[in-house]
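data.txt follows (compact mmCIF, C-alpha atoms):
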```txt
# COMPACT_ATOMS: atom_id res chain seq x y z
CA MET C 1 130.25 -164.04 7.96
CA THR C 2 132.95 -162.88 5.59
CA ILE C 3 135.33 -160.02 6.23
CA GLN C 4 135.94 -157.59 3.39
CA PRO C 5 138.87 -155.12 3.33
CA ASP C 6 138.26 -151.39 3.18
CA GLN C 7 138.53 -150.26 -0.44
CA ARG C 8 138.10 -146.52 -0.09
CA ALA C 9 140.52 -144.03 -1.62
CA LEU C 10 141.00 -140.34 -0.87
CA ASP C 11 138.61 -138.00 -2.67
CA ASP C 12 140.39 -134.87 -3.91
CA SER C 13 137.13 -132.92 -3.82
CA GLN C 14 136.82 -133.36 -0.03
CA PRO C 15 139.08 -132.27 2.86
CA ILE C 16 142.03 -134.66 2.90
CA GLY C 17 142.77 -134.63 6.63
CA GLY C 18 139.41 -135.99 7.74
CA GLN C 19 139.45 -138.72 5.12
CA LEU C 20 142.97 -139.79 5.99
CA TYR C 21 142.19 -139.83 9.70
CA ASP C 22 139.13 -142.02 9.14
CA MET C 23 141.07 -144.41 6.91
CA LEU C 24 144.09 -144.85 9.20
CA ARG C 25 141.87 -145.09 12.27
CA LEU C 26 139.88 -147.84 10.58
CA ARG C 27 143.02 -149.73 9.56
CA ILE C 28 144.30 -149.65 13.14
CA VAL C 29 140.95 -150.55 14.68
CA ARG C 30 140.49 -153.48 12.29
CA GLY C 31 144.01 -154.72 13.01
CA GLU C 32 145.22 -154.20 9.44
CA LEU C 33 147.88 -152.04 11.10
CA ALA C 34 148.75 -154.28 14.03
CA PRO C 35 150.43 -153.37 17.33
CA GLY C 36 154.13 -152.80 16.81
CA MET C 37 153.83 -151.72 13.18
CA ARG C 38 155.67 -148.51 12.33
CA LEU C 39 154.23 -145.65 10.33
CA SER C 40 156.15 -142.74 8.90
CA GLU C 41 154.82 -139.41 7.73
CA ALA C 42 156.85 -139.75 4.54
CA GLY C 43 155.58 -143.26 3.86
CA VAL C 44 151.91 -142.37 4.34
CA ALA C 45 152.30 -139.19 2.32
CA ALA C 46 153.83 -141.20 -0.53
CA GLU C 47 151.13 -143.87 -0.36
CA PHE C 48 148.37 -141.31 -0.83
CA ALA C 49 150.37 -138.85 -2.97
CA ILE C 50 149.83 -135.95 -0.58
CA SER C 51 152.05 -133.56 1.37
CA ARG C 52 153.35 -134.44 4.83
CA GLN C 53 151.48 -131.64 6.64
CA PRO C 54 148.04 -133.30 6.71
CA VAL C 55 149.70 -136.59 7.62
CA ARG C 56 151.43 -134.94 10.58
CA GLU C 57 148.11 -133.49 11.78
CA VAL C 58 146.38 -136.87 11.45
CA PHE C 59 149.17 -138.59 13.39
CA ILE C 60 148.62 -136.13 16.24
CA ARG C 61 144.88 -136.87 16.28
CA LEU C 62 145.52 -140.61 16.29
CA ALA C 63 147.99 -140.20 19.16
CA GLU C 64 145.35 -138.30 21.13
CA ASP C 65 142.98 -141.23 20.57
CA GLY C 66 145.59 -143.68 21.88
CA LEU C 67 145.95 -145.29 18.46
CA LEU C 68 149.50 -144.15 17.68
CA GLU C 69 152.66 -143.44 19.62
CA ILE C 70 154.70 -140.65 18.03
CA ARG C 71 158.42 -141.18 18.51
CA PRO C 72 160.50 -138.28 17.17
CA GLN C 73 163.35 -139.35 14.90
CA ARG C 74 162.24 -142.97 15.16
CA GLY C 75 158.89 -143.00 13.37
CA SER C 76 155.53 -143.69 14.94
CA ILE C 77 154.26 -147.04 16.16
CA VAL C 78 150.82 -148.61 16.58
CA PRO C 79 150.53 -149.28 20.33
CA LYS C 80 149.15 -152.34 22.03
CA ILE C 81 145.61 -152.23 23.37
CA SER C 82 145.36 -150.92 26.91
CA ARG C 83 142.86 -152.96 28.91
CA GLN C 84 142.52 -150.02 31.28
CA ARG C 85 141.57 -147.67 28.43
CA VAL C 86 139.08 -150.23 27.14
CA GLU C 87 137.38 -150.39 30.53
CA GLU C 88 137.39 -146.61 30.95
CA ALA C 89 135.84 -146.13 27.51
CA ARG C 90 133.18 -148.74 28.23
CA PHE C 91 132.41 -147.08 31.58
CA VAL C 92 131.82 -143.68 29.99
CA ARG C 93 129.88 -145.12 27.06
CA GLU C 94 127.62 -147.12 29.35
CA ALA C 95 126.85 -144.06 31.49
CA ILE C 96 125.86 -142.01 28.43
CA GLU C 97 123.88 -144.66 26.59
CA ALA C 98 122.01 -145.79 29.70
CA ASP C 99 120.62 -142.27 29.99
CA VAL C 100 119.93 -142.12 26.24
CA VAL C 101 117.68 -145.18 26.30
CA LYS C 102 115.85 -143.96 29.40
CA LEU C 103 115.04 -140.77 27.50
CA ALA C 104 114.05 -142.82 24.47
CA ALA C 105 111.60 -144.91 26.52
CA ARG C 106 109.87 -141.72 27.60
CA ALA C 107 109.87 -139.69 24.41
CA LEU C 108 111.14 -141.46 21.28
CA ALA C 109 109.04 -140.58 18.22
CA PRO C 110 107.30 -143.38 16.29
CA SER C 111 109.37 -142.52 13.21
CA ALA C 112 112.57 -143.05 15.21
CA LEU C 113 111.29 -146.44 16.39
CA GLN C 114 110.60 -147.36 12.78
CA GLU C 115 114.20 -146.44 11.93
CA LEU C 116 115.48 -148.72 14.71
CA ASP C 117 113.29 -151.56 13.43
CA ALA C 118 114.67 -151.04 9.93
CA LEU C 119 118.24 -151.11 11.23
CA LEU C 120 117.53 -154.37 13.06
CA ALA C 121 116.22 -155.89 9.83
CA ARG C 122 119.35 -154.78 7.98
CA GLN C 123 121.55 -156.23 10.75
CA GLU C 124 119.82 -159.59 10.40
CA ALA C 125 120.39 -159.53 6.63
CA ALA C 126 124.04 -158.47 6.85
CA ALA C 127 126.37 -161.20 5.61
CA ASP C 128 129.55 -159.16 5.97
CA VAL C 129 131.05 -158.51 9.40
CA HIS C 130 132.20 -155.01 8.54
CA ALA C 131 128.72 -154.12 7.28
CA PHE C 132 127.25 -155.42 10.54
CA VAL C 133 129.65 -153.34 12.62
CA GLU C 134 128.68 -150.21 10.67
CA LEU C 135 125.00 -151.01 11.21
CA ASP C 136 125.68 -151.56 14.91
CA ASP C 137 127.14 -148.05 15.13
CA ALA C 138 124.20 -146.70 13.12
CA PHE C 139 121.80 -148.27 15.63
CA HIS C 140 123.44 -146.57 18.61
CA ARG C 141 123.77 -143.29 16.72
CA ALA C 142 120.08 -143.38 15.81
CA LEU C 143 119.15 -143.81 19.47
CA ALA C 144 121.18 -140.77 20.49
CA GLU C 145 119.94 -138.64 17.62
CA GLY C 146 116.36 -139.75 18.27
CA VAL C 147 116.39 -138.09 21.69
CA GLY C 148 118.31 -135.01 20.57
CA ARG C 149 121.67 -136.18 21.90
CA ALA C 150 123.73 -136.30 18.70
CA HIS C 151 126.68 -134.67 20.46
CA ALA C 152 126.63 -137.44 23.06
CA TRP C 153 127.25 -139.96 20.29
CA ALA C 154 130.07 -137.79 18.94
CA VAL C 155 131.68 -137.95 22.39
CA ILE C 156 131.33 -141.74 22.42
CA GLU C 157 132.92 -142.03 18.99
CA THR C 158 136.05 -140.24 20.20
CA LEU C 159 136.32 -142.71 23.10
CA LYS C 160 135.46 -146.04 21.60
CA ALA C 161 138.47 -146.68 19.38
CA GLN C 162 139.95 -149.09 21.93
CA LEU C 163 136.59 -150.83 22.30
CA ASP C 164 136.43 -151.21 18.54
CA ARG C 165 139.91 -152.74 18.42
CA VAL C 166 138.73 -155.43 20.82
CA ARG C 167 135.52 -155.88 18.86
CA TYR C 168 137.41 -156.58 15.64
CA LEU C 169 139.71 -159.04 17.39
CA SER C 170 136.61 -161.05 18.27
CA LEU C 171 135.31 -161.28 14.70
CA THR C 172 136.19 -164.95 14.30
CA ARG C 173 133.73 -165.70 17.11
CA PHE C 174 131.38 -162.81 16.22
CA PRO C 175 128.10 -163.32 18.16
CA LYS C 176 125.76 -161.78 15.57
CA ALA C 177 122.57 -163.42 16.84
CA LYS C 178 123.37 -162.48 20.44
CA LEU C 179 124.02 -158.84 19.58
CA ILE C 180 120.85 -158.54 17.51
CA GLY C 181 118.89 -160.08 20.38
CA GLN C 182 120.33 -157.50 22.76
CA HIS C 183 119.48 -154.69 20.36
CA ARG C 184 115.94 -156.02 20.02
CA ALA C 185 115.55 -156.13 23.82
CA VAL C 186 116.50 -152.45 23.96
CA VAL C 187 113.99 -151.55 21.24
CA GLU C 188 111.14 -153.54 22.78
CA ALA C 189 111.71 -151.93 26.18
CA ILE C 190 111.63 -148.51 24.54
CA ARG C 191 108.48 -149.43 22.61
CA ALA C 192 106.85 -150.45 25.89
CA GLY C 193 107.87 -147.17 27.51
CA ASP C 194 109.79 -149.08 30.20
CA ALA C 195 112.79 -146.90 31.02
CA ALA C 196 114.16 -149.27 33.66
CA ALA C 197 114.06 -152.26 31.32
CA ALA C 198 115.63 -150.23 28.50
CA GLU C 199 118.47 -149.18 30.79
CA THR C 200 119.04 -152.76 31.96
CA ALA C 201 119.04 -154.06 28.39
CA MET C 202 121.56 -151.45 27.26
CA ARG C 203 123.87 -152.04 30.22
CA THR C 204 123.74 -155.78 29.56
CA HIS C 205 124.58 -155.18 25.91
CA LEU C 206 127.53 -152.89 26.59
CA ASN C 207 128.93 -155.16 29.29
CA THR C 208 129.28 -158.05 26.85
CA ILE C 209 132.78 -156.80 26.07
CA VAL C 210 133.71 -156.99 29.76
CA ASP C 211 132.68 -160.65 29.82
CA ASP C 212 134.55 -161.42 26.60
CA LEU C 213 137.70 -159.36 27.19
CA PRO C 214 139.70 -161.89 29.26
CA VAL C 215 139.22 -164.58 26.60
CA ILE C 216 139.98 -162.22 23.72
CA ALA C 217 143.12 -160.94 25.49
CA ALA C 218 144.28 -164.50 26.20
CA GLU C 219 143.83 -165.44 22.55
CA ASN C 220 145.67 -162.32 21.37
CA GLU C 221 148.37 -161.79 23.99
CA THR C 222 150.67 -159.84 21.70
CA HIS C 223 147.96 -157.22 21.09
CA PHE C 224 147.48 -156.19 24.72
CA THR C 225 149.53 -154.40 27.35
```

Written as structure tokens, how would this file's structure read?
Amino acid sequence: MTIQPDQRALDDSQPIGGQLYDMLRLRIVRGELAPGMRLSEAGVAAEFAISRQPVREVFIRLAEDGLLEIRPQRGSIVPKISRQRVEEARFVREAIEADVVKLAARALAPSALQELDALLARQEAAADVHAFVELDDAFHRALAEGVGRAHAWAVIETLKAQLDRVRYLSLTRFPKAKLIGQHRAVVEAIRAGDAAAAETAMRTHLNTIVDDLPVIAAENETHFT
């Protein structure tokens, strides 16, 4: 699978802060801004031809997410990945999504199941890693929204930045077939109305990162605390 760089630019017709946050967050998560790299408000403002105020606000949000360390008078730096924060984020995500799929097994509408099937088909056809990752997020979002828990997914999104950093570090060994198989196991358990099997399948899926983390960290020592 090939890896394509993000080509988006800021849209003057839309709020700048949200766009800039999404773009810098993505660059950090993908490793385009690697641990140890310095960012300055002035430099980012100049790159996007905007004032420093929205940049300052975005830096604060990124710091709250654990994606930036703000160092007054010295610039800001992209921090290393905290294995503890990765585990904590996975723990919370697993707790939420295990309950989501149990609800789905009991009450997911046929139209929502069709959407999940369509997303699985698109994942199988995806030739680009970044496209697959976006479809992976869409799959989990669709599950949450399908049982009326859209806010639960919003909570997960604020937590999973560190998980995503690890996920992108593993792209050279990206287990596409394995992940699709795990997604399909979740969907089939939901289709069968088997809440226990759906929960087990989701927990297995989300614990893949726990199994892979020691190897990924060993291969990328300079990226981890």

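Atom pair atom CA of C:Pro79 / atom CA of C:Asp164 has a distance of 14.3 Å (rounded to one decimal).
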
Cut-off 6 Å around (124.2, -154.4, 9.9) with all atoms listed in the file: residues as a count of residues only: 7

Between atom CA of C:Ile96 and atom CA of C:Ser111 - distance in Å to one decimal: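 Taking atom CA of C:Ser111 and atom CA of C:Ile96, their separation equals 22.4 Å.
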
Given all atoms listed in the file as the counted atoms, nearest of C:Asn207, C:Ser170, C:Thr158, C:Thr200 to C:Glu64: C:Thr158

What's the 12 Å shell around C:Glu124, counting all atoms listed in the file, without same-chain residues fewer than 2 positions away, as an mmCIF file with C-alpha atoms, keeping the file's coordinate frame?
```
data_model
loop_
_atom_site.group_PDB
_atom_site.id
_atom_site.type_symbol
_atom_site.label_atom_id
_atom_site.label_comp_id
_atom_site.auth_asym_id
_atom_site.auth_seq_id
_atom_site.Cartn_x
_atom_site.Cartn_y
_atom_site.Cartn_z
ATOM 1 C CA MET C 1 130.250 -164.040 7.960
ATOM 2 C CA ASP C 117 113.290 -151.560 13.430
ATOM 3 C CA ALA C 118 114.670 -151.040 9.930
ATOM 4 C CA LEU C 119 118.240 -151.110 11.230
ATOM 5 C CA LEU C 120 117.530 -154.370 13.060
ATOM 6 C CA ALA C 121 116.220 -155.890 9.830
ATOM 7 C CA ARG C 122 119.350 -154.780 7.980
ATOM 8 C CA ALA C 126 124.040 -158.470 6.850
ATOM 9 C CA ALA C 127 126.370 -161.200 5.610
ATOM 10 C CA ASP C 128 129.550 -159.160 5.970
ATOM 11 C CA VAL C 129 131.050 -158.510 9.400
ATOM 12 C CA ALA C 131 128.720 -154.120 7.280
ATOM 13 C CA PHE C 132 127.250 -155.420 10.540
ATOM 14 C CA VAL C 133 129.650 -153.340 12.620
ATOM 15 C CA LEU C 135 125.000 -151.010 11.210
ATOM 16 C CA ASP C 136 125.680 -151.560 14.910
ATOM 17 C CA PRO C 175 128.100 -163.320 18.160
ATOM 18 C CA LYS C 176 125.760 -161.780 15.570
ATOM 19 C CA ALA C 177 122.570 -163.420 16.840
ATOM 20 C CA LYS C 178 123.370 -162.480 20.440
ATOM 21 C CA LEU C 179 124.020 -158.840 19.580
ATOM 22 C CA ILE C 180 120.850 -158.540 17.510
ATOM 23 C CA GLY C 181 118.890 -160.080 20.380
ATOM 24 C CA HIS C 183 119.480 -154.690 20.360
ATOM 25 C CA ARG C 184 115.940 -156.020 20.020
#
```

Contacts of stretch 154-156 of chain C within 9 Å, only C-alpha atoms, excl. fewer than 3 positions in-chain, as a list in words: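 Here the answer would be Ala89, Val92, Arg93, Ile96, Arg141, Ala150, His151, Leu159 and Lys160 of chain C.
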
Pick from C:Leu24, C:Leu103, C:Ala152, C:Ala196, whichever lies nearest to C:Phe48 using all atoms listed in the file: C:Leu24

Please reconstruct the missing atoms of stretch 84-108 of chain C (target: N, CA, C and O atoms) and return them as a short mmCIF file (atom, residue, chain, number, x, y, z; two decimals), in the frame of the given file.
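Contents of result13.cif, freshly written:
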```
data_model
loop_
_atom_site.label_atom_id
_atom_site.label_comp_id
_atom_site.auth_asym_id
_atom_site.auth_seq_id
_atom_site.Cartn_x
_atom_site.Cartn_y
_atom_site.Cartn_z
N GLN C 84 143.07 -151.07 30.43
CA GLN C 84 142.52 -150.02 31.28
C GLN C 84 141.73 -149.01 30.45
O GLN C 84 140.64 -148.59 30.84
N ARG C 85 142.27 -148.63 29.28
CA ARG C 85 141.57 -147.67 28.43
C ARG C 85 140.29 -148.27 27.87
O ARG C 85 139.29 -147.57 27.67
N VAL C 86 140.30 -149.56 27.60
CA VAL C 86 139.08 -150.23 27.14
C VAL C 86 138.00 -150.13 28.20
O VAL C 86 136.85 -149.77 27.92
N GLU C 87 138.36 -150.44 29.44
CA GLU C 87 137.38 -150.39 30.53
C GLU C 87 136.89 -148.96 30.78
O GLU C 87 135.70 -148.74 31.02
N GLU C 88 137.80 -148.00 30.73
CA GLU C 88 137.39 -146.61 30.95
C GLU C 88 136.43 -146.14 29.86
O GLU C 88 135.44 -145.46 30.14
N ALA C 89 136.72 -146.51 28.61
CA ALA C 89 135.84 -146.13 27.51
C ALA C 89 134.48 -146.79 27.65
O ALA C 89 133.43 -146.15 27.43
N ARG C 90 134.46 -148.05 28.03
CA ARG C 90 133.18 -148.74 28.23
C ARG C 90 132.39 -148.10 29.36
O ARG C 90 131.17 -147.91 29.27
N PHE C 91 133.07 -147.70 30.43
CA PHE C 91 132.41 -147.08 31.58
C PHE C 91 131.70 -145.79 31.16
O PHE C 91 130.53 -145.57 31.50
N VAL C 92 132.41 -144.95 30.42
CA VAL C 92 131.82 -143.68 29.99
C VAL C 92 130.69 -143.93 29.00
O VAL C 92 129.61 -143.31 29.09
N ARG C 93 130.92 -144.84 28.06
CA ARG C 93 129.88 -145.12 27.06
C ARG C 93 128.62 -145.65 27.73
O ARG C 93 127.50 -145.25 27.38
N GLU C 94 128.78 -146.56 28.67
CA GLU C 94 127.62 -147.12 29.35
C GLU C 94 126.83 -146.03 30.08
O GLU C 94 125.59 -146.01 30.03
N ALA C 95 127.53 -145.12 30.75
CA ALA C 95 126.85 -144.06 31.49
C ALA C 95 126.01 -143.19 30.55
O ALA C 95 124.87 -142.84 30.86
N ILE C 96 126.57 -142.87 29.39
CA ILE C 96 125.86 -142.01 28.43
C ILE C 96 124.68 -142.75 27.82
O ILE C 96 123.54 -142.25 27.79
N GLU C 97 124.93 -143.97 27.32
CA GLU C 97 123.88 -144.66 26.59
C GLU C 97 122.77 -145.18 27.51
O GLU C 97 121.62 -145.35 27.06
N ALA C 98 123.07 -145.41 28.76
CA ALA C 98 122.01 -145.79 29.70
C ALA C 98 121.01 -144.64 29.84
O ALA C 98 119.79 -144.87 29.89
N ASP C 99 121.51 -143.43 29.90
CA ASP C 99 120.62 -142.27 29.99
C ASP C 99 119.88 -142.03 28.67
O ASP C 99 118.72 -141.63 28.65
N VAL C 100 120.57 -142.29 27.56
CA VAL C 100 119.93 -142.12 26.24
C VAL C 100 118.70 -143.01 26.11
O VAL C 100 117.63 -142.56 25.68
N VAL C 101 118.82 -144.28 26.47
CA VAL C 101 117.68 -145.18 26.30
C VAL C 101 116.56 -144.89 27.30
O VAL C 101 115.38 -145.13 27.00
N LYS C 102 116.91 -144.36 28.47
CA LYS C 102 115.85 -143.96 29.40
C LYS C 102 115.04 -142.81 28.81
O LYS C 102 113.80 -142.79 28.91
N LEU C 103 115.73 -141.85 28.19
CA LEU C 103 115.04 -140.77 27.50
C LEU C 103 114.20 -141.31 26.36
O LEU C 103 113.06 -140.87 26.14
N ALA C 104 114.76 -142.25 25.62
CA ALA C 104 114.05 -142.82 24.47
C ALA C 104 112.76 -143.51 24.91
O ALA C 104 111.73 -143.42 24.23
N ALA C 105 112.80 -144.22 26.04
CA ALA C 105 111.60 -144.91 26.52
C ALA C 105 110.49 -143.94 26.88
O ALA C 105 109.30 -144.29 26.83
N ARG C 106 110.86 -142.73 27.20
CA ARG C 106 109.87 -141.72 27.60
C ARG C 106 109.39 -140.87 26.43
O ARG C 106 108.27 -140.35 26.47
N ALA C 107 110.24 -140.71 25.39
CA ALA C 107 109.87 -139.69 24.41
C ALA C 107 110.30 -139.98 22.98
O ALA C 107 110.29 -139.07 22.16
N LEU C 108 110.68 -141.21 22.64
CA LEU C 108 111.14 -141.46 21.28
C LEU C 108 109.96 -141.44 20.31
O LEU C 108 108.92 -142.07 20.55
#
```
